[in-house]
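This is protein.cif. It holds mmCIF, C-alpha atoms.
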data_work
#
loop_
_atom_site.label_atom_id
_atom_site.label_comp_id
_atom_site.auth_asym_id
_atom_site.auth_seq_id
_atom_site.Cartn_x
_atom_site.Cartn_y
_atom_site.Cartn_z
CA MET C 1 4.58 -20.53 -21.41
CA PHE C 2 1.37 -18.84 -20.43
CA ARG C 3 -2.06 -20.09 -21.34
CA HIS C 4 -5.19 -17.99 -21.00
CA LEU C 5 -7.59 -20.76 -20.05
CA GLY C 6 -10.62 -18.86 -18.80
CA ARG C 7 -12.81 -19.79 -21.75
CA ARG C 8 -11.54 -23.34 -22.25
CA ALA C 9 -13.08 -26.44 -20.76
CA ALA C 10 -11.69 -29.96 -20.63
CA SER C 11 -13.81 -32.96 -21.47
CA CYS C 12 -13.97 -35.86 -19.03
CA THR C 13 -14.15 -38.29 -21.94
CA ALA C 14 -11.09 -39.90 -23.50
CA ARG C 15 -11.68 -38.22 -26.86
CA LYS C 16 -10.40 -34.65 -27.17
CA ARG C 17 -13.21 -32.36 -28.30
CA THR C 18 -12.79 -29.39 -30.60
CA TYR C 19 -15.03 -26.40 -31.22
CA SER C 20 -15.98 -27.95 -34.56
CA ASP C 21 -17.89 -30.59 -32.58
CA PHE C 22 -20.36 -27.92 -31.49
CA LYS C 23 -22.93 -27.26 -34.23
CA HIS C 24 -25.53 -25.26 -32.38
CA GLY C 25 -23.76 -21.92 -32.00
CA ASN C 26 -22.90 -20.13 -28.81
CA LEU C 27 -24.89 -19.01 -25.83
CA PRO C 28 -26.12 -15.45 -26.52
CA HIS C 29 -23.57 -12.78 -25.53
CA SER C 30 -21.05 -15.52 -24.72
CA HIS C 31 -18.21 -17.57 -26.22
CA SER C 32 -19.63 -20.72 -24.63
CA PRO C 33 -20.66 -23.22 -27.35
CA ILE C 34 -24.01 -24.98 -27.02
CA THR C 35 -23.89 -28.78 -26.77
CA THR C 36 -26.42 -31.60 -26.44
CA ASP C 37 -23.99 -33.73 -24.39
CA LEU C 38 -24.58 -33.91 -20.61
CA GLU C 39 -20.93 -33.54 -19.79
CA PHE C 40 -19.04 -32.48 -16.66
CA PHE C 41 -15.41 -31.32 -16.45
CA ASN C 42 -12.92 -30.92 -13.62
CA SER C 43 -9.76 -29.67 -15.31
CA VAL C 44 -8.67 -26.39 -16.87
CA ARG C 45 -6.56 -28.32 -19.38
CA PRO C 46 -8.25 -29.44 -22.62
CA ASP C 47 -6.70 -32.90 -22.30
CA GLY C 48 -7.66 -33.35 -18.63
CA GLN C 49 -4.02 -33.45 -17.51
CA GLN C 50 -2.53 -31.41 -14.68
CA ILE C 51 -1.16 -27.93 -15.33
CA PRO C 52 2.51 -28.17 -16.43
CA THR C 53 5.38 -26.62 -14.47
CA TYR C 54 7.83 -24.31 -16.25
CA ARG C 55 11.51 -25.16 -15.67
CA VAL C 56 14.92 -24.10 -17.03
CA LEU C 57 17.48 -25.99 -14.92
CA ASP C 58 17.42 -29.66 -13.95
CA SER C 59 18.30 -30.86 -10.43
CA VAL C 60 22.04 -30.73 -11.15
CA GLY C 61 22.03 -27.21 -12.55
CA GLN C 62 22.02 -27.98 -16.27
CA PRO C 63 19.59 -26.29 -18.70
CA ILE C 64 17.07 -28.83 -19.95
CA ASP C 65 16.54 -29.35 -23.68
CA GLY C 66 14.53 -26.56 -25.25
CA SER C 67 14.89 -24.15 -22.31
CA THR C 68 16.08 -20.56 -22.57
CA VAL C 69 18.42 -19.09 -19.96
CA PRO C 70 17.22 -15.55 -19.15
CA GLU C 71 19.59 -12.62 -19.61
CA PRO C 72 21.41 -10.50 -18.49
CA PHE C 73 23.76 -12.98 -16.85
CA SER C 74 24.92 -10.41 -14.27
CA TYR C 75 21.52 -10.89 -12.60
CA ILE C 76 22.31 -14.54 -12.06
CA CYS C 77 25.53 -14.00 -10.07
CA SER C 78 23.87 -11.25 -8.00
CA SER C 79 20.92 -13.55 -7.36
CA TYR C 80 23.24 -16.24 -6.03
CA GLU C 81 24.83 -13.89 -3.50
CA THR C 82 21.41 -12.78 -2.25
CA MET C 83 20.26 -16.41 -2.03
CA MET C 84 23.34 -17.23 0.05
CA LEU C 85 22.67 -14.25 2.31
CA LEU C 86 19.17 -15.43 3.23
CA PRO C 87 20.04 -18.79 4.87
CA THR C 88 23.02 -17.16 6.63
CA LEU C 89 20.65 -14.58 8.08
CA ASP C 90 18.19 -17.32 8.98
CA THR C 91 20.83 -19.24 10.95
CA LEU C 92 21.74 -16.23 13.07
CA LEU C 93 18.22 -14.95 13.66
CA TYR C 94 16.87 -18.39 14.53
CA SER C 95 19.63 -18.62 17.15
CA VAL C 96 18.85 -15.12 18.44
CA GLN C 97 15.18 -16.02 18.83
CA ARG C 98 16.06 -19.18 20.75
CA GLN C 99 18.09 -17.00 23.13
CA GLY C 100 15.02 -14.87 23.78
CA LYS C 101 16.44 -11.71 22.21
CA ILE C 102 13.65 -11.50 19.66
CA SER C 103 10.15 -12.88 19.98
CA PHE C 104 9.61 -14.57 16.65
CA TYR C 105 11.33 -15.34 13.40
CA HIS C 106 10.85 -17.25 10.17
CA GLY C 107 12.38 -17.08 6.72
CA GLU C 108 12.63 -18.85 3.35
CA GLU C 109 14.91 -18.27 0.39
CA ALA C 110 13.20 -20.26 -2.41
CA THR C 111 11.44 -18.12 -5.00
CA VAL C 112 11.65 -14.58 -3.67
CA VAL C 113 15.06 -13.68 -5.10
CA GLY C 114 14.27 -14.80 -8.63
CA SER C 115 10.99 -12.91 -8.64
CA ALA C 116 12.60 -9.81 -7.10
CA ALA C 117 15.16 -9.72 -9.90
CA ALA C 118 12.34 -9.77 -12.46
CA LEU C 119 10.51 -6.76 -11.01
CA SER C 120 10.99 -3.04 -11.47
CA PRO C 121 12.39 -1.38 -8.31
CA THR C 122 9.34 0.89 -8.30
CA ASP C 123 6.74 -1.88 -8.41
CA GLU C 124 4.69 -1.82 -5.21
CA VAL C 125 5.26 -5.00 -3.19
CA LEU C 126 2.81 -6.36 -0.62
CA GLY C 127 4.40 -9.36 1.06
CA GLN C 128 3.54 -11.93 3.67
CA TYR C 129 6.32 -13.11 6.01
CA ARG C 130 8.96 -14.62 3.71
CA GLU C 131 9.83 -11.82 1.31
CA MET C 132 12.94 -10.41 3.01
CA GLY C 133 14.85 -11.37 -0.14
CA VAL C 134 12.87 -8.78 -2.13
CA LEU C 135 14.01 -6.04 0.22
CA LEU C 136 17.62 -7.23 0.20
CA TRP C 137 17.59 -7.26 -3.61
CA ARG C 138 16.33 -3.67 -3.62
CA GLY C 139 19.09 -2.45 -1.30
CA PHE C 140 17.49 -2.70 2.14
CA ASP C 141 20.64 -3.12 4.22
CA LEU C 142 21.51 -5.47 7.07
CA ASP C 143 21.39 -2.67 9.65
CA SER C 144 17.74 -2.08 8.71
CA ILE C 145 16.98 -5.81 8.89
CA MET C 146 18.45 -6.12 12.37
CA SER C 147 16.86 -2.89 13.59
CA GLN C 148 13.39 -4.12 12.68
CA CYS C 149 13.91 -7.56 14.20
CA LEU C 150 15.24 -6.08 17.45
CA GLY C 151 12.84 -3.11 17.46
CA ASN C 152 15.43 -0.42 18.12
CA LYS C 153 15.34 3.32 17.39
CA GLU C 154 16.47 2.79 13.78
CA ASP C 155 13.39 0.72 12.95
CA LYS C 156 11.87 3.46 10.83
CA ALA C 157 8.98 1.42 9.47
CA THR C 158 7.33 0.18 12.67
CA LYS C 159 9.21 1.98 15.50
CA GLY C 160 9.64 -1.29 17.35
CA ARG C 161 5.90 -1.89 17.66
CA GLN C 162 5.63 -4.80 15.24
CA MET C 163 6.71 -8.42 15.45
CA PRO C 164 10.11 -9.28 13.93
CA VAL C 165 10.28 -9.75 10.12
CA HIS C 166 7.27 -7.45 9.64
CA PHE C 167 9.25 -5.14 7.40
CA GLY C 168 8.16 -2.03 5.59
CA SER C 169 10.00 0.58 3.53
CA PRO C 170 8.35 3.33 1.47
CA GLN C 171 11.77 4.08 -0.04
CA HIS C 172 11.89 0.55 -1.46
CA HIS C 173 8.18 0.46 -2.39
CA PHE C 174 7.60 -2.33 0.12
CA HIS C 175 4.35 -2.06 2.08
CA THR C 176 4.55 -2.93 5.78
CA ILE C 177 3.73 -6.58 6.44
CA SER C 178 0.61 -7.35 8.44
CA SER C 179 0.25 -10.42 10.65
CA PRO C 180 -3.33 -11.41 9.75
CA LEU C 181 -3.24 -13.91 6.93
CA ALA C 182 -4.15 -12.87 3.36
CA THR C 183 -5.18 -9.27 4.11
CA GLN C 184 -2.60 -8.06 1.59
CA ILE C 185 -4.33 -9.81 -1.33
CA PRO C 186 -7.37 -7.54 -1.77
CA GLN C 187 -5.20 -4.59 -0.72
CA ALA C 188 -2.83 -5.37 -3.59
CA ALA C 189 -5.73 -5.31 -6.04
CA GLY C 190 -6.56 -1.84 -4.75
CA VAL C 191 -2.94 -0.71 -5.06
CA GLY C 192 -2.87 -1.98 -8.63
CA TYR C 193 -6.03 -0.02 -9.41
CA ALA C 194 -4.49 3.12 -7.89
CA LEU C 195 -1.44 2.69 -10.13
CA LYS C 196 -3.71 2.33 -13.14
CA ARG C 197 -5.45 5.59 -12.26
CA ASP C 198 -2.16 7.47 -11.83
CA PRO C 199 -1.12 9.01 -15.19
CA GLU C 200 2.53 9.08 -14.14
CA ARG C 201 2.67 5.38 -13.24
CA ARG C 202 0.05 3.85 -15.54
CA GLY C 203 1.71 1.36 -17.88
CA LYS C 204 4.97 1.56 -15.93
CA ASP C 205 4.45 -0.11 -12.54
CA CYS C 206 2.33 -2.87 -11.08
CA ALA C 207 1.34 -4.12 -7.64
CA VAL C 208 3.03 -7.39 -6.63
CA CYS C 209 1.40 -9.57 -4.01
CA TYR C 210 3.17 -12.51 -2.34
CA PHE C 211 1.35 -15.14 -0.29
CA GLY C 212 1.40 -18.86 0.46
CA GLU C 213 -0.97 -21.57 -0.64
CA GLY C 214 -2.42 -21.57 2.87
CA ALA C 215 -3.43 -17.92 2.48
CA ALA C 216 -5.17 -18.90 -0.75
CA SER C 217 -7.65 -20.81 1.41
CA GLU C 218 -8.82 -17.53 2.92
CA GLY C 219 -11.79 -15.60 1.57
CA ASP C 220 -9.53 -12.58 0.99
CA PHE C 221 -7.81 -14.51 -1.80
CA HIS C 222 -11.02 -14.72 -3.80
CA ALA C 223 -11.97 -11.12 -3.02
CA GLY C 224 -8.60 -9.91 -4.28
CA MET C 225 -8.66 -12.04 -7.42
CA LEU C 226 -12.20 -10.95 -8.22
CA LEU C 227 -11.41 -7.27 -7.75
CA ALA C 228 -8.18 -7.39 -9.79
CA SER C 229 -9.82 -9.29 -12.64
CA THR C 230 -13.06 -7.34 -12.96
CA ILE C 231 -11.86 -3.75 -12.44
CA PRO C 232 -9.26 -4.75 -13.85
CA SER C 233 -5.91 -3.74 -12.34
CA PRO C 234 -2.21 -4.48 -13.00
CA THR C 235 -1.71 -6.78 -10.03
CA LEU C 236 0.81 -9.63 -10.10
CA PHE C 237 -0.12 -12.41 -7.68
CA ILE C 238 2.79 -14.69 -6.72
CA VAL C 239 1.79 -17.67 -4.60
CA ARG C 240 4.48 -19.78 -2.93
CA ASN C 241 3.14 -23.32 -2.81
CA ASN C 242 5.64 -24.86 -0.39
CA GLY C 243 3.53 -27.85 0.58
CA PHE C 244 2.45 -26.81 4.06
CA ALA C 245 0.28 -24.17 5.72
CA ILE C 246 2.03 -24.44 9.09
CA SER C 247 1.21 -28.11 9.80
CA THR C 248 -1.55 -28.62 7.22
CA PRO C 249 -0.24 -30.31 4.06
CA SER C 250 -1.45 -28.99 0.71
CA SER C 251 -3.24 -32.30 0.09
CA GLU C 252 -5.65 -31.31 2.87
CA GLN C 253 -6.03 -27.70 1.73
CA TYR C 254 -7.52 -28.24 -1.72
CA TYR C 255 -8.76 -31.07 -3.92
CA GLY C 256 -8.15 -29.40 -7.28
CA ASP C 257 -4.99 -28.85 -9.30
CA GLY C 258 -3.20 -26.44 -6.98
CA ILE C 259 -3.70 -22.68 -6.92
CA ALA C 260 -2.94 -22.16 -10.62
CA ALA C 261 -6.21 -23.89 -11.53
CA ARG C 262 -8.10 -21.01 -9.91
CA GLY C 263 -6.66 -18.31 -12.15
CA PRO C 264 -8.65 -19.16 -15.29
CA GLY C 265 -11.85 -19.07 -13.22
CA TYR C 266 -11.24 -15.34 -12.86
CA GLY C 267 -10.10 -14.92 -16.47
CA ILE C 268 -6.51 -14.33 -15.34
CA ASP C 269 -3.40 -15.33 -17.29
CA THR C 270 -1.68 -18.01 -15.20
CA ILE C 271 1.55 -19.97 -15.10
CA ARG C 272 3.02 -22.61 -12.78
CA VAL C 273 6.77 -22.49 -12.29
CA ASP C 274 9.40 -24.62 -10.54
CA GLY C 275 10.04 -22.43 -7.49
CA ASN C 276 13.38 -24.10 -6.76
CA ASP C 277 14.72 -23.11 -10.19
CA ILE C 278 15.63 -19.44 -9.85
CA LEU C 279 16.16 -19.04 -13.60
CA ALA C 280 12.67 -20.37 -14.32
CA VAL C 281 11.23 -18.01 -11.71
CA LEU C 282 13.16 -15.09 -13.18
CA GLY C 283 11.89 -15.81 -16.71
CA ALA C 284 8.30 -16.54 -15.69
CA VAL C 285 7.87 -13.51 -13.44
CA ARG C 286 9.56 -11.24 -15.97
CA GLU C 287 7.00 -12.28 -18.61
CA ALA C 288 4.16 -12.17 -16.09
CA ARG C 289 5.10 -8.60 -15.16
CA ARG C 290 5.27 -7.58 -18.84
CA ARG C 291 1.74 -8.86 -19.41
CA CYS C 292 0.51 -7.28 -16.22
CA VAL C 293 1.86 -3.80 -17.03
CA GLN C 294 1.15 -3.76 -20.77
CA GLN C 295 -2.37 -5.20 -20.53
CA GLY C 296 -3.26 -3.50 -17.24
CA ARG C 297 -4.65 -6.80 -15.99
CA ALA C 298 -3.91 -9.26 -13.19
CA VAL C 299 -1.58 -12.25 -13.68
CA LEU C 300 -1.16 -15.27 -11.37
CA VAL C 301 2.13 -17.15 -10.85
CA GLU C 302 2.15 -20.34 -8.79
CA SER C 303 5.67 -21.17 -7.62
CA MET C 304 6.05 -24.82 -6.63
CA THR C 305 8.64 -25.20 -3.87
CA TYR C 306 9.17 -27.05 -0.59
CA ARG C 307 9.56 -25.69 2.92
CA VAL C 308 12.60 -27.49 4.29
CA GLY C 309 12.59 -25.44 7.50
CA HIS C 310 10.01 -25.23 10.22
CA HIS C 311 7.11 -22.83 9.63
CA SER C 312 8.60 -20.46 12.19
CA THR C 313 10.55 -20.54 15.44
CA SER C 314 7.33 -21.51 17.22
CA ASP C 315 6.90 -24.63 15.08
CA ASP C 316 8.38 -28.14 15.15
CA SER C 317 7.64 -29.54 11.72
CA PHE C 318 8.96 -33.01 12.57
CA ALA C 319 5.82 -33.51 14.60
CA TYR C 320 3.85 -33.79 11.35
CA ARG C 321 6.37 -34.89 8.72
CA ALA C 322 9.30 -37.29 8.62
CA ARG C 323 12.79 -35.90 9.09
CA GLN C 324 14.00 -38.13 6.26
CA GLU C 325 11.51 -36.53 3.88
CA VAL C 326 13.10 -33.15 4.53
CA GLU C 327 16.65 -34.47 4.16
CA ASP C 328 15.77 -36.13 0.86
CA ARG C 329 14.33 -32.90 -0.55
CA LYS C 330 17.46 -31.01 0.50
CA LYS C 331 19.58 -33.39 -1.51
CA VAL C 332 17.56 -33.69 -4.70
CA ASP C 333 15.89 -30.27 -5.01
CA ASN C 334 18.07 -27.61 -3.39
CA PRO C 335 17.65 -24.23 -5.15
CA VAL C 336 21.00 -22.85 -3.95
CA SER C 337 22.94 -25.94 -5.06
CA ARG C 338 21.23 -25.96 -8.45
CA LEU C 339 22.25 -22.39 -9.16
CA ARG C 340 25.78 -22.90 -7.89
CA LEU C 341 26.24 -25.96 -10.13
CA PHE C 342 24.99 -23.92 -13.07
CA LEU C 343 27.41 -21.07 -12.33
CA GLU C 344 30.33 -23.48 -11.92
CA SER C 345 29.52 -25.21 -15.20
CA ARG C 346 29.80 -21.82 -16.93
CA LYS C 347 33.07 -20.99 -15.08
CA TRP C 348 31.33 -18.06 -13.39
CA TRP C 349 31.92 -19.32 -9.85
CA SER C 350 34.67 -21.16 -7.96
CA ASP C 351 35.35 -22.78 -4.60
CA ASP C 352 37.53 -19.84 -3.56
CA GLU C 353 34.72 -17.39 -4.32
CA GLU C 354 32.31 -19.57 -2.36
CA THR C 355 34.59 -19.60 0.69
CA GLU C 356 35.14 -15.84 0.51
CA LEU C 357 31.40 -15.14 0.14
CA LYS C 358 30.41 -17.27 3.13
CA ALA C 359 33.03 -15.64 5.36
CA ARG C 360 32.10 -12.12 4.25
CA LEU C 361 28.36 -12.62 4.70
CA LYS C 362 28.81 -14.11 8.16
CA SER C 363 31.05 -11.21 9.22
CA GLU C 364 28.68 -8.55 7.85
CA ILE C 365 25.65 -10.14 9.52
CA LEU C 366 27.34 -10.45 12.92
CA THR C 367 28.59 -6.86 12.74
CA ALA C 368 25.10 -5.59 11.94
CA PHE C 369 23.55 -7.65 14.73
CA LYS C 370 26.00 -6.50 17.40
CA ARG C 371 25.49 -2.89 16.39
CA ALA C 372 21.67 -3.16 16.44
CA GLU C 373 21.69 -5.01 19.75
CA ASN C 374 23.37 -2.07 21.50
CA LEU C 375 20.96 0.58 20.24
CA SER C 376 18.10 1.78 22.46
CA ARG C 377 14.46 1.53 21.50
CA TRP C 378 12.29 4.44 20.43
CA GLU C 379 10.95 6.76 23.12
CA LEU C 380 8.14 5.08 25.00
CA LYS C 381 5.67 7.79 23.98
CA GLU C 382 5.98 6.58 20.36
CA LEU C 383 3.77 3.68 21.39
CA PHE C 384 0.81 6.02 20.84
CA SER C 385 1.94 7.91 17.74
CA ASP C 386 1.04 7.26 14.09
CA VAL C 387 -2.17 5.44 14.98
CA TYR C 388 -4.70 8.06 13.91
CA ALA C 389 -4.42 11.16 11.74
CA GLY C 390 -5.66 14.47 13.10
CA ASP C 391 -6.58 15.04 16.72
CA GLU C 392 -5.76 12.29 19.16
CA PRO C 393 -8.93 10.37 20.16
CA TRP C 394 -10.03 9.93 23.76
CA ASN C 395 -9.14 6.24 23.94
CA LEU C 396 -5.45 6.87 23.23
CA ARG C 397 -5.33 9.67 25.82
CA GLU C 398 -6.91 7.28 28.31
CA GLN C 399 -4.38 4.54 27.55
CA ARG C 400 -1.45 6.96 27.84
CA GLU C 401 -2.69 8.17 31.22
CA GLU C 402 -3.09 4.57 32.41
CA LEU C 403 0.45 3.69 31.36
CA GLY C 404 1.76 6.77 33.16
CA GLU C 405 0.01 5.73 36.37
CA LEU C 406 1.45 2.22 36.16
CA LEU C 407 4.98 3.53 35.52
CA LYS C 408 4.75 5.89 38.47
CA LYS C 409 3.61 3.00 40.65
CA TYR C 410 6.02 0.28 39.49
CA GLY C 411 8.57 1.84 37.14
CA THR C 412 11.01 3.01 39.81
CA VAL C 413 10.60 0.28 42.43
CA TRP C 414 9.96 -3.04 40.65
CA GLU C 415 13.18 -4.40 39.15
CA PRO C 416 11.72 -5.99 35.97
CA TRP C 417 10.04 -2.70 35.02
CA LYS C 418 13.17 -0.69 35.87
CA LYS C 419 15.26 -2.86 33.53
CA GLU C 420 12.66 -2.67 30.78
CA ARG C 421 12.48 1.14 31.03
CA GLU C 422 16.23 1.40 30.48
CA LYS C 423 15.84 -0.15 27.02
CA PHE C 424 13.86 2.87 25.78
CA ASN C 425 15.39 6.13 24.65
CA GLY C 426 14.75 8.48 27.59
CA SER C 427 13.81 5.55 29.85
CA GLY C 428 10.15 6.58 29.73
CA ASP C 429 10.84 9.57 31.96
CA GLU C 430 8.22 11.61 30.07
CA PHE C 431 5.56 9.52 31.87
CA LEU C 432 7.02 10.10 35.34
CA SER C 433 7.02 13.88 35.37
#
Would you kindly transcribe this structure into structure tokens?
Amino acid sequence: MFRHLGRRAASCTARKRTYSDFKHGNLPHSHSPITTDLEFFNSVRPDGQQIPTYRVLDSVGQPIDGSTVPEPFSYICSSYETMMLLPTLDTLLYSVQRQGKISFYHGEEATVVGSAAALSPTDEVLGQYREMGVLLWRGFDLDSIMSQCLGNKEDKATKGRQMPVHFGSPQHHFHTISSPLATQIPQAAGVGYALKRDPERRGKDCAVCYFGEGAASEGDFHAGMLLASTIPSPTLFIVRNNGFAISTPSSEQYYGDGIAARGPGYGIDTIRVDGNDILAVLGAVREARRRCVQQGRAVLVESMTYRVGHHSTSDDSFAYRARQEVEDRKKVDNPVSRLRLFLESRKWWSDDEETELKARLKSEILTAFKRAENLSRWELKELFSDVYAGDEPWNLREQREELGELLKKYGTVWEPWKKEREKFNGSGDEFLS
């Protein structure tokens, strides 16, 4: 499946060259053979073709000839339930955002569940915005999901100070998501290096970094890849190539053969996988993690998928792509349908189980939402906590004093501020005394 291509070059001529063609030895201190041909190349494949995509299931859920279905099979049924949970959550939270109850939301089921199932629960995950499925797989419950999105007093990771879907959970080894694009990539390389230096975790855990192909256009992508490959560190990079960076199609983001073509340039083992085939993702990431941990080196997985939804609740994707294009992809390349058809063909799933699952998930999600909606926020003073270690700096003291003055001036007389104060535990009274 994997090909270490860092030292291989493809010829632009029709004839396939072999190392026997080179009769002048290698460049000193290098594996690069010396040639007298003035020859350029633009592919990491020896034959000049595009990088292949690993797949297990076809579009109707049947294993293709020569494929291997990953075991244990219990993972597959559990994966299906988590995949079904994600779009059900999306439907509710999109609606909640439209009602103005949360400020922002976006989600995607595609490849995250299959990759989550392939990881160790103690691997350190640094995500972007679409990895809620990793947390759900690791046991992060619906109450915690809703608390973070609504910013109530049970939002333990961010205390209501972050945008929705910016999750974090030390218990689940999931680092808090940061809004700036691609910052987690070099950070993940550093986390991987820290794991390598830890005698108790060396050879056991790796850092796992998720990002989109749009983030791979940032300089942080190259900094992270360079660090993880040269140190080196056990860092597993998983890029979701879903075709769009907000409104910019991938065809306008790069001219080369996707993101996978960049891996060999850093000497990193690389594979491209069908991101809408959860069994292929499970198998590919499982092997990628094995290499990463055993070799102590970075591995790159490019997951080819398609974003059928809008980028986020602030985006209207039909302004830059045809509605029919999206509907066609839903019909011919739906990851949930593919897995369900596979399960049904093995007699592991039925219509009755499908009906029961949908009803149960909807009920559990609504119950969690209603509960979280009625909880107060953290105390207003928490706005200034956890920013700096040690003594509080002068600028935070100044900001706290300024907020207190504003609350004393408007907090008891101006109706919008009075209503907003009531949402906080203690109503911000600590600033009025």
TODO: Find the residues near Thr305 of chain C: any atom within 8 Å, counting only C-alpha atoms, skip ones fewer than 5 places away on the same chain, and give them as number ranges by chain.
DONE: C: 110-111, 240-243, 274-276
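Selection result for the displayed file, with the PyMOL selection byres ((chain C and resi 340) around 10) as criterion, is Val60, Gly61, Ile76, Cys77, Tyr80, Pro335, Val336, Ser337, Arg338, Leu339, Leu341, Phe342, Leu343, Glu344, Ser345, Arg346, Trp348, Trp349, Ser350 and Glu354 of chain C.
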- [ ] Could you expand the PyMOL selection byres ((chain C and resi 213-230) around 8) into the explicit residues it covers here, written as a PyMOL selection string?
- [x] chain C and resi 181-183+185-190+192-193+211-212+231-235+239-245+250+253+259+266-268+297-298
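Interatomic distance, atom CA of Thr367 of chain C against atom CA of Thr82 of chain C: 17.6 Å.
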Task: Atomic separation - atom CA of Ile238 of chain C relative to atom CA of Ile271 of chain C, Å - done: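 A separation of 10.0 Å between them.
Of the residues under consideration (C:Gln148, C:Thr91, C:Gln294, C:Ser385), C:Gln148 shows the shortest atom-to-atom contact distance to Ala372 of chain C when counting all atoms listed in the file.
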Listed atoms of segment 290-293 of chain C, axis-aligned box, 3 Å per side: centre and edge lengths to one decimal in Å, as JSON?
{"center_x": 2.9, "center_y": -6.3, "center_z": -17.8, "size_x": 10.8, "size_y": 11.1, "size_z": 9.2}
Task: For Met146 of chain C, the nearest of the candidates C:Ile365, C:Val69, C:Leu236, C:Leu396, counting only C-alpha atoms - done: C:Ile365
TODO: Run through the PyMOL selection byres ((chain C and resi 426) around 12) on the given coordinates and return the selected residues as JSON, numbers by chain.
DONE: {"C": [153, 376, 377, 378, 379, 380, 381, 382, 420, 421, 422, 423, 424, 425, 427, 428, 429, 430, 431, 432]}
TODO: Figure out the distance between atom CA of His166 of chain C and atom CA of Gly296 of chain C, please, to one decimal in Å.
DONE: 29.1 Å
Task: Test item: residues at most 7 Å from Ala280 of chain C, only C-alpha atoms, excluding those fewer than 4 positions along its chain, as an NGL selection string - done: :C and (54-56 or 273-274 or 284)
Open item on the list: Considering all atoms listed in the file, can you say which of C:Asn395, C:Ser178, C:Ser115, C:Ser303 comes closest to Glu287 of chain C?
Closed with: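 Using all atoms listed in the file, Glu287 of chain C sits closest to C:Ser115.
If you count only C-alpha atoms and draw a sphere of 7 Å around (1.7, -9.6, 0.5), the protein and nucleic acid residues inside it come out as Val125, Leu126, Gly127, Gln128, Ile177, Gln184, Ile185, Cys209, Tyr210 and Phe211 of chain C.
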Open item on the list: My list of candidates is C:Asp277, C:Ile145, C:Gly203, C:Thr158. Which is closest to Met83 of chain C when distances are computed with only C-alpha atoms?
Closed with: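 With only C-alpha atoms as the atom set, the closest residue is C:Asp277.
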Open item on the list: Nearest residue to Glu71 of chain C out of C:Lys358, C:Asn374, C:Leu279, C:Thr412, using only C-alpha atoms?
Closed with: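 Using only C-alpha atoms, the shortest distance to Glu71 of chain C belongs to C:Leu279.
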Task: For segment 140-143 of chain C: contacts at 8 Å, all atoms listed in the file, fewer than 3 positions along chain excluded, given as a PyMOL selection string - done: chain C and resi 135-137+146-147+172+364-365+368-369+371-372
Mind rebuilding segment 268-276 of chain C with N, CA, C and O atoms and writing that out as an mmCIF file, in the coordinates of the input?
data_model
loop_
_atom_site.group_PDB
_atom_site.id
_atom_site.type_symbol
_atom_site.label_atom_id
_atom_site.label_comp_id
_atom_site.auth_asym_id
_atom_site.auth_seq_id
_atom_site.Cartn_x
_atom_site.Cartn_y
_atom_site.Cartn_z
ATOM 1 N N ILE C 268 -7.856 -14.875 -15.564
ATOM 2 C CA ILE C 268 -6.510 -14.330 -15.340
ATOM 3 C C ILE C 268 -5.456 -15.210 -15.995
ATOM 4 O O ILE C 268 -5.465 -16.437 -15.832
ATOM 5 N N ASP C 269 -4.534 -14.595 -16.744
ATOM 6 C CA ASP C 269 -3.400 -15.330 -17.290
ATOM 7 C C ASP C 269 -2.618 -15.962 -16.145
ATOM 8 O O ASP C 269 -2.326 -15.305 -15.134
ATOM 9 N N THR C 270 -2.252 -17.234 -16.311
ATOM 10 C CA THR C 270 -1.680 -18.010 -15.200
ATOM 11 C C THR C 270 -0.534 -18.869 -15.682
ATOM 12 O O THR C 270 -0.554 -19.377 -16.812
ATOM 13 N N ILE C 271 0.460 -19.045 -14.820
ATOM 14 C CA ILE C 271 1.550 -19.970 -15.100
ATOM 15 C C ILE C 271 1.983 -20.637 -13.802
ATOM 16 O O ILE C 271 1.904 -20.042 -12.722
ATOM 17 N N ARG C 272 2.415 -21.876 -13.903
ATOM 18 C CA ARG C 272 3.020 -22.610 -12.780
ATOM 19 C C ARG C 272 4.497 -22.774 -13.073
ATOM 20 O O ARG C 272 4.877 -23.156 -14.184
ATOM 21 N N VAL C 273 5.333 -22.486 -12.081
ATOM 22 C CA VAL C 273 6.770 -22.490 -12.290
ATOM 23 C C VAL C 273 7.460 -23.301 -11.189
ATOM 24 O O VAL C 273 6.958 -23.389 -10.059
ATOM 25 N N ASP C 274 8.577 -23.912 -11.522
ATOM 26 C CA ASP C 274 9.400 -24.620 -10.540
ATOM 27 C C ASP C 274 10.052 -23.586 -9.629
ATOM 28 O O ASP C 274 10.993 -22.892 -10.020
ATOM 29 N N GLY C 275 9.563 -23.460 -8.410
ATOM 30 C CA GLY C 275 10.040 -22.430 -7.490
ATOM 31 C C GLY C 275 11.428 -22.666 -6.951
ATOM 32 O O GLY C 275 11.992 -21.778 -6.302
ATOM 33 N N ASN C 276 12.005 -23.838 -7.176
ATOM 34 C CA ASN C 276 13.380 -24.100 -6.760
ATOM 35 C C ASN C 276 14.374 -23.899 -7.896
ATOM 36 O O ASN C 276 15.559 -24.179 -7.746
#
